[in-house]
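Asks: Structure provided below as structure tokens; questions to follow.
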Amino acid sequence: MTRSLTGSLRARLLWFLLAAIVLAAGAQALVAYRTVLHEADDIFDYHMQQMAMSLRSGLPPSAAVGGIGGGEQNFEFVVQVWTADGVRVFESADQAALPQLAVLGFADVRARGTTYRVFSMQTRGLVIQVAQDMAARRSMAGTLALRTIAPVALMAPLLMLVVWWVVSRSLAPVARVRTQVASRQADDLSPVSEEGLPEEVRPLVQELNLLFGRVRHAFDAQKHFVADAAHELRSPLAALKLQVQGLQRAPDDAARDIAVSRLVAGIDRSTRLVEQMLALARHEASMAAGAKPEPVDLAEVARLAISDAVAGAQARRIDIGVAHADAAVVKGQPEALRMLLRNLLDNAVKYTPEEGRVDIGIAKLGDAVELSVDDSGPGLPEAERERVLDRFYRSGEPQAPGSGLGLSIVKSIAELHNAAVTLEKSPSLGGLRVRVVFAPSGKGGHSV
């Protein structure tokens with residue numbers, strides 16, 4: 001029972017609301033009952049006063065003791081009239097007389113085995129007493145009070161039924177959402193309908209739909225990664241197998257050295273391909289996880305990315321560095337932005353001839369920020385500048401170095417930061433310029 005009350009919102013609402021109705025109805029009935037009893041006492045006292053005052057003008061026609069009333073007895077009120085000398089001249093009931101009271105006004109008197117409420121007043125040398133049996137008074141007052149609280153007793157169950165119906169109807173959309181989610185297959189990540197949901201529940205369903213979207217994105221990224229890996233690793237592995245076979249069939253040391261160098265180059269290309277595919281998979285996983293953005297200093301990102309690429313640049317005697325850097329901070333993921341710039345530098349170093357040059361630029365364009373990489377390489381035909389951003393697309397001949405993933409990773413990270421990637425001819429070095437423009441804050445940019 002306790003687990004049911006704590007686990008079910010509907011049960012808790014009904015329990016507390018119905019208990020509140022019962023307590024409120026009980027309190028109202030108690031207050032009404034006591035109020036009616038008090039008011040009934042006041043009314044009965046008022047009637048006793050009015051009856052006594054009506055006798056001030058004179059006694060009833062027959063004034064003999066016990067002879068008034070004509071055999072009609074009044075069991076609610078008893079009237080007695082006494083002279084100033086203490087002689088009882090009138091009694092409304094044929095019973096033993098009530099004691100004469102010296103105190104005028106209201107008093108409670110024990111007589112005839114019960115308690116009477118007595119009102120006494122003096123007029124024209126007579127003392128008029130009007131008495132009422134307290135048991136009869138309480139009985140009549142109780143009956144009147146019960147009639148007063150009867151509507152409360154009738155309305156409380158009706159109100160409880162109304163509350164039960166309202167709570168059940170109000171929580172019906174929640175039950176519908178629970179049924180929708182419970183009846184789904186494991187691979188069904190479509191959004192849950194928000195139709196008819198109350199304002200308190202709609203944000204929960206919206207967050208649930210966002211979670212479904214992130215999980216669906218993660219599943220799609222995993223499927224794409226597996227498909228891409230199966231497609232792209234087939235050729236390098238086949239090439240490695242052929243190179244191993246060539247090494248085995250080498251007739252002399254010179255041919256063996258050539259086969260070994262080709263095998264090492266093939267292994268390096270395969271290693272680079274696997275590293276880039278894993279980097280793309282990690283980046284897409286971070287996108288699906290919805291990592292929170294933080295302020296990132298692009299100058300610090302450039303310094304770290306240069307330290308990653310400087311070994312390859314020095315091996316080819318390429319001058320790599322920062323040509324211009326404005327103070328610029330964007331909101332995003334530091335490691336993702338470092339990966340973006342490192343891939344741009346690796347791509348520039350790879351296609352720049354020996355003793356060439358690669359420059360990094362950081363510039364503020366009003367509220368926007370531009371990150372650029374220029375190289376002194378051969379550049380890229382305008383017709384291919386959009387296609388090289390696609391996965392596994394290689395510029396030039398199929399034998400061109402690279403896996404076709406570097407600029408695809410750059411594009412994916414830029415989209416994560418709501419930045420635009422454009423490729424153009426470098427005006428300073430004559431090769432290729434890659435520009436990443438981060439939108440100004442408050443216009444859809446810098447959100448991860």
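Labeling convention for the structure tokens: chains A, B, ... as they appear, residues from 1 per chain, ligands from 1 in order of appearance.
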Would you mind listing what lies within 12 Å of Thr179 (chain A) as a PyMOL selection string, with only C-alpha atoms counted and same-chain residues fewer than 6 positions away left out?
Replies: chain A and resi 172-173+192-193
Asks: Using only C-alpha atoms, which residue out of A:Gly312, A:Pro334, A:Gly321, A:Gly361 lies closest to Asp346 (chain A)?
Replies: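 The shortest atom-to-atom distance to Asp346 (chain A) comes from A:Gly312.
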Asks: Val118 (chain A): which residues within 7 Å, counting only C-alpha atoms, same-chain residues fewer than 5 positions away excluded, as JSON, numbers by chain?
Replies: {"A": [106, 107, 108, 109, 129, 130, 131, 132]}
Asks: For region 102-193 of chain A against region 11-16 of chain A, with a cut-off of 8 Å and counting only C-alpha atoms, what is the closest atom pair and its distance in Å to one decimal for every residue that makes the cut, ordered by chain and number, as a Markdown table?
Replies:
```
| residue | atom | partner | partner_atom | distance |
| --- | --- | --- | --- | --- |
| A:Val163 | CA | A:Leu14 | CA | 7.5 |
| A:Trp164 | CA | A:Leu14 | CA | 6.4 |
| A:Val167 | CA | A:Leu14 | CA | 7.2 |
```
Asks: Kindly save the residues from that selection, with N, CA and C atoms included, as a PDB file, in the first residue's frame.
Replies:
```
ATOM      1  N   VAL A 163     -13.733  14.914  -7.813  1.00  0.00           N
ATOM      2  CA  VAL A 163     -12.271  14.982  -7.742  1.00  0.00           C
ATOM      3  C   VAL A 163     -11.658  13.748  -8.398  1.00  0.00           C
ATOM      4  N   TRP A 164     -12.200  12.580  -8.130  1.00  0.00           N
ATOM      5  CA  TRP A 164     -11.692  11.350  -8.751  1.00  0.00           C
ATOM      6  C   TRP A 164     -11.776  11.428 -10.268  1.00  0.00           C
ATOM      7  N   VAL A 167      -9.159  14.150 -11.606  1.00  0.00           N
ATOM      8  CA  VAL A 167      -7.788  13.660 -11.550  1.00  0.00           C
ATOM      9  C   VAL A 167      -7.547  12.602 -12.614  1.00  0.00           C
TER      10      VAL A 167
END
```
Asks: Could you list, as a list in words, every residue within 10 Å of Ala309 (chain A), counting only C-alpha atoms and ignoring same-chain residues fewer than 4 positions away?
Replies: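 Contacts, in chain order: Leu304, Ala305, Ala313, Gln314, Ile320, Leu341, Arg342, Asn343, Leu344, Leu345, Asp346 and Val349 of chain A.
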Asks: Residues as selected, N, CA and C atoms, written as a PDB file, in the first residue's frame, can you do that?
Replies:
```
ATOM      1  N   LEU A 304      48.256  24.960 -29.691  1.00  0.00           N
ATOM      2  CA  LEU A 304      48.241  23.505 -29.478  1.00  0.00           C
ATOM      3  C   LEU A 304      48.220  22.753 -30.803  1.00  0.00           C
ATOM      4  N   ALA A 305      47.462  23.253 -31.788  1.00  0.00           N
ATOM      5  CA  ALA A 305      47.385  22.574 -33.086  1.00  0.00           C
ATOM      6  C   ALA A 305      48.728  22.631 -33.814  1.00  0.00           C
ATOM      7  N   ALA A 313      55.653  19.155 -40.438  1.00  0.00           N
ATOM      8  CA  ALA A 313      56.078  20.315 -41.215  1.00  0.00           C
ATOM      9  C   ALA A 313      57.601  20.414 -41.254  1.00  0.00           C
ATOM     10  N   GLN A 314      58.279  20.158 -40.139  1.00  0.00           N
ATOM     11  CA  GLN A 314      59.730  20.234 -40.106  1.00  0.00           C
ATOM     12  C   GLN A 314      60.364  19.153 -40.975  1.00  0.00           C
ATOM     13  N   ILE A 320      55.626  26.891 -40.716  1.00  0.00           N
ATOM     14  CA  ILE A 320      54.255  26.893 -40.215  1.00  0.00           C
ATOM     15  C   ILE A 320      54.178  27.798 -38.996  1.00  0.00           C
ATOM     16  N   LEU A 341      41.382  22.452 -36.348  1.00  0.00           N
ATOM     17  CA  LEU A 341      42.550  23.166 -36.848  1.00  0.00           C
ATOM     18  C   LEU A 341      43.684  22.198 -37.172  1.00  0.00           C
ATOM     19  N   ARG A 342      43.863  21.140 -36.392  1.00  0.00           N
ATOM     20  CA  ARG A 342      44.922  20.176 -36.679  1.00  0.00           C
ATOM     21  C   ARG A 342      44.708  19.504 -38.029  1.00  0.00           C
ATOM     22  N   ASN A 343      43.444  19.181 -38.348  1.00  0.00           N
ATOM     23  CA  ASN A 343      43.161  18.564 -39.648  1.00  0.00           C
ATOM     24  C   ASN A 343      43.427  19.541 -40.793  1.00  0.00           C
ATOM     25  N   LEU A 344      43.099  20.827 -40.565  1.00  0.00           N
ATOM     26  CA  LEU A 344      43.404  21.820 -41.606  1.00  0.00           C
ATOM     27  C   LEU A 344      44.916  21.940 -41.816  1.00  0.00           C
ATOM     28  N   LEU A 345      45.688  21.942 -40.727  1.00  0.00           N
ATOM     29  CA  LEU A 345      47.140  22.046 -40.842  1.00  0.00           C
ATOM     30  C   LEU A 345      47.728  20.798 -41.485  1.00  0.00           C
ATOM     31  N   ASP A 346      47.246  19.608 -41.089  1.00  0.00           N
ATOM     32  CA  ASP A 346      47.748  18.373 -41.702  1.00  0.00           C
ATOM     33  C   ASP A 346      47.474  18.358 -43.195  1.00  0.00           C
ATOM     34  N   VAL A 349      49.880  20.913 -44.860  1.00  0.00           N
ATOM     35  CA  VAL A 349      51.255  20.412 -44.904  1.00  0.00           C
ATOM     36  C   VAL A 349      51.404  19.304 -45.933  1.00  0.00           C
TER      37      VAL A 349
END
```
Asks: Need the shell around Gln206 (chain A): protein/DNA/RNA residues with any atom at most 10 Å away, counting only C-alpha atoms. Skip same-chain ones fewer than 3 positions apart. Format as a JSON list (two decimals) with N, CA and C atoms, in the first residue's frame?
Replies:
```json
[["chain", "number", "residue", "atom", "x", "y", "z"],
["A", 191, "PRO", "N", 9.61, 10.64, -32.22],
["A", 191, "PRO", "CA", 9.17, 11.50, -31.12],
["A", 191, "PRO", "C", 7.82, 11.07, -30.55],
["A", 192, "VAL", "N", 7.66, 11.29, -29.25],
["A", 192, "VAL", "CA", 6.39, 11.02, -28.57],
["A", 192, "VAL", "C", 5.46, 12.21, -28.79],
["A", 193, "SER", "N", 4.19, 11.92, -29.06],
["A", 193, "SER", "CA", 3.23, 12.99, -29.32],
["A", 193, "SER", "C", 3.03, 13.85, -28.07],
["A", 194, "GLU", "N", 3.03, 15.18, -28.27],
["A", 194, "GLU", "CA", 2.81, 16.13, -27.18],
["A", 194, "GLU", "C", 1.37, 16.63, -27.15],
["A", 201, "VAL", "N", 3.71, 18.61, -17.79],
["A", 201, "VAL", "CA", 4.25, 17.35, -18.31],
["A", 201, "VAL", "C", 4.92, 17.55, -19.66],
["A", 202, "ARG", "N", 4.49, 18.57, -20.43],
["A", 202, "ARG", "CA", 5.04, 18.76, -21.78],
["A", 202, "ARG", "C", 6.56, 18.93, -21.78],
["A", 203, "PRO", "N", 7.18, 19.71, -20.85],
["A", 203, "PRO", "CA", 8.65, 19.80, -20.89],
["A", 203, "PRO", "C", 9.33, 18.45, -20.70],
["A", 209, "ASN", "N", 11.89, 13.51, -26.03],
["A", 209, "ASN", "CA", 12.05, 13.51, -27.49],
["A", 209, "ASN", "C", 13.46, 13.94, -27.89],
["A", 210, "LEU", "N", 14.03, 14.94, -27.17],
["A", 210, "LEU", "CA", 15.41, 15.33, -27.45],
["A", 210, "LEU", "C", 16.38, 14.18, -27.17],
["A", 211, "LEU", "N", 16.11, 13.44, -26.09],
["A", 211, "LEU", "CA", 16.95, 12.28, -25.79],
["A", 211, "LEU", "C", 16.83, 11.23, -26.89],
["A", 212, "PHE", "N", 15.61, 10.97, -27.36],
["A", 212, "PHE", "CA", 15.41, 10.04, -28.47],
["A", 212, "PHE", "C", 16.20, 10.50, -29.70]]
```
Asks: Please provide as a VMD selection string all residues within 10 Å of region 22-26 of chain A, with the sequence filter that same-chain residues fewer than 3 positions apart are discarded (counting only C-alpha atoms).
Replies: chain A and resid 16 to 19 29 to 32 149 152 to 153 155 to 157 159 to 160
Asks: One decimal, in Å: what's the spacing between CA of Pro295 (chain A) and CA of Val330 (chain A)?
Replies: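 CA of Val330 (chain A) lies 5.6 Å from CA of Pro295 (chain A).
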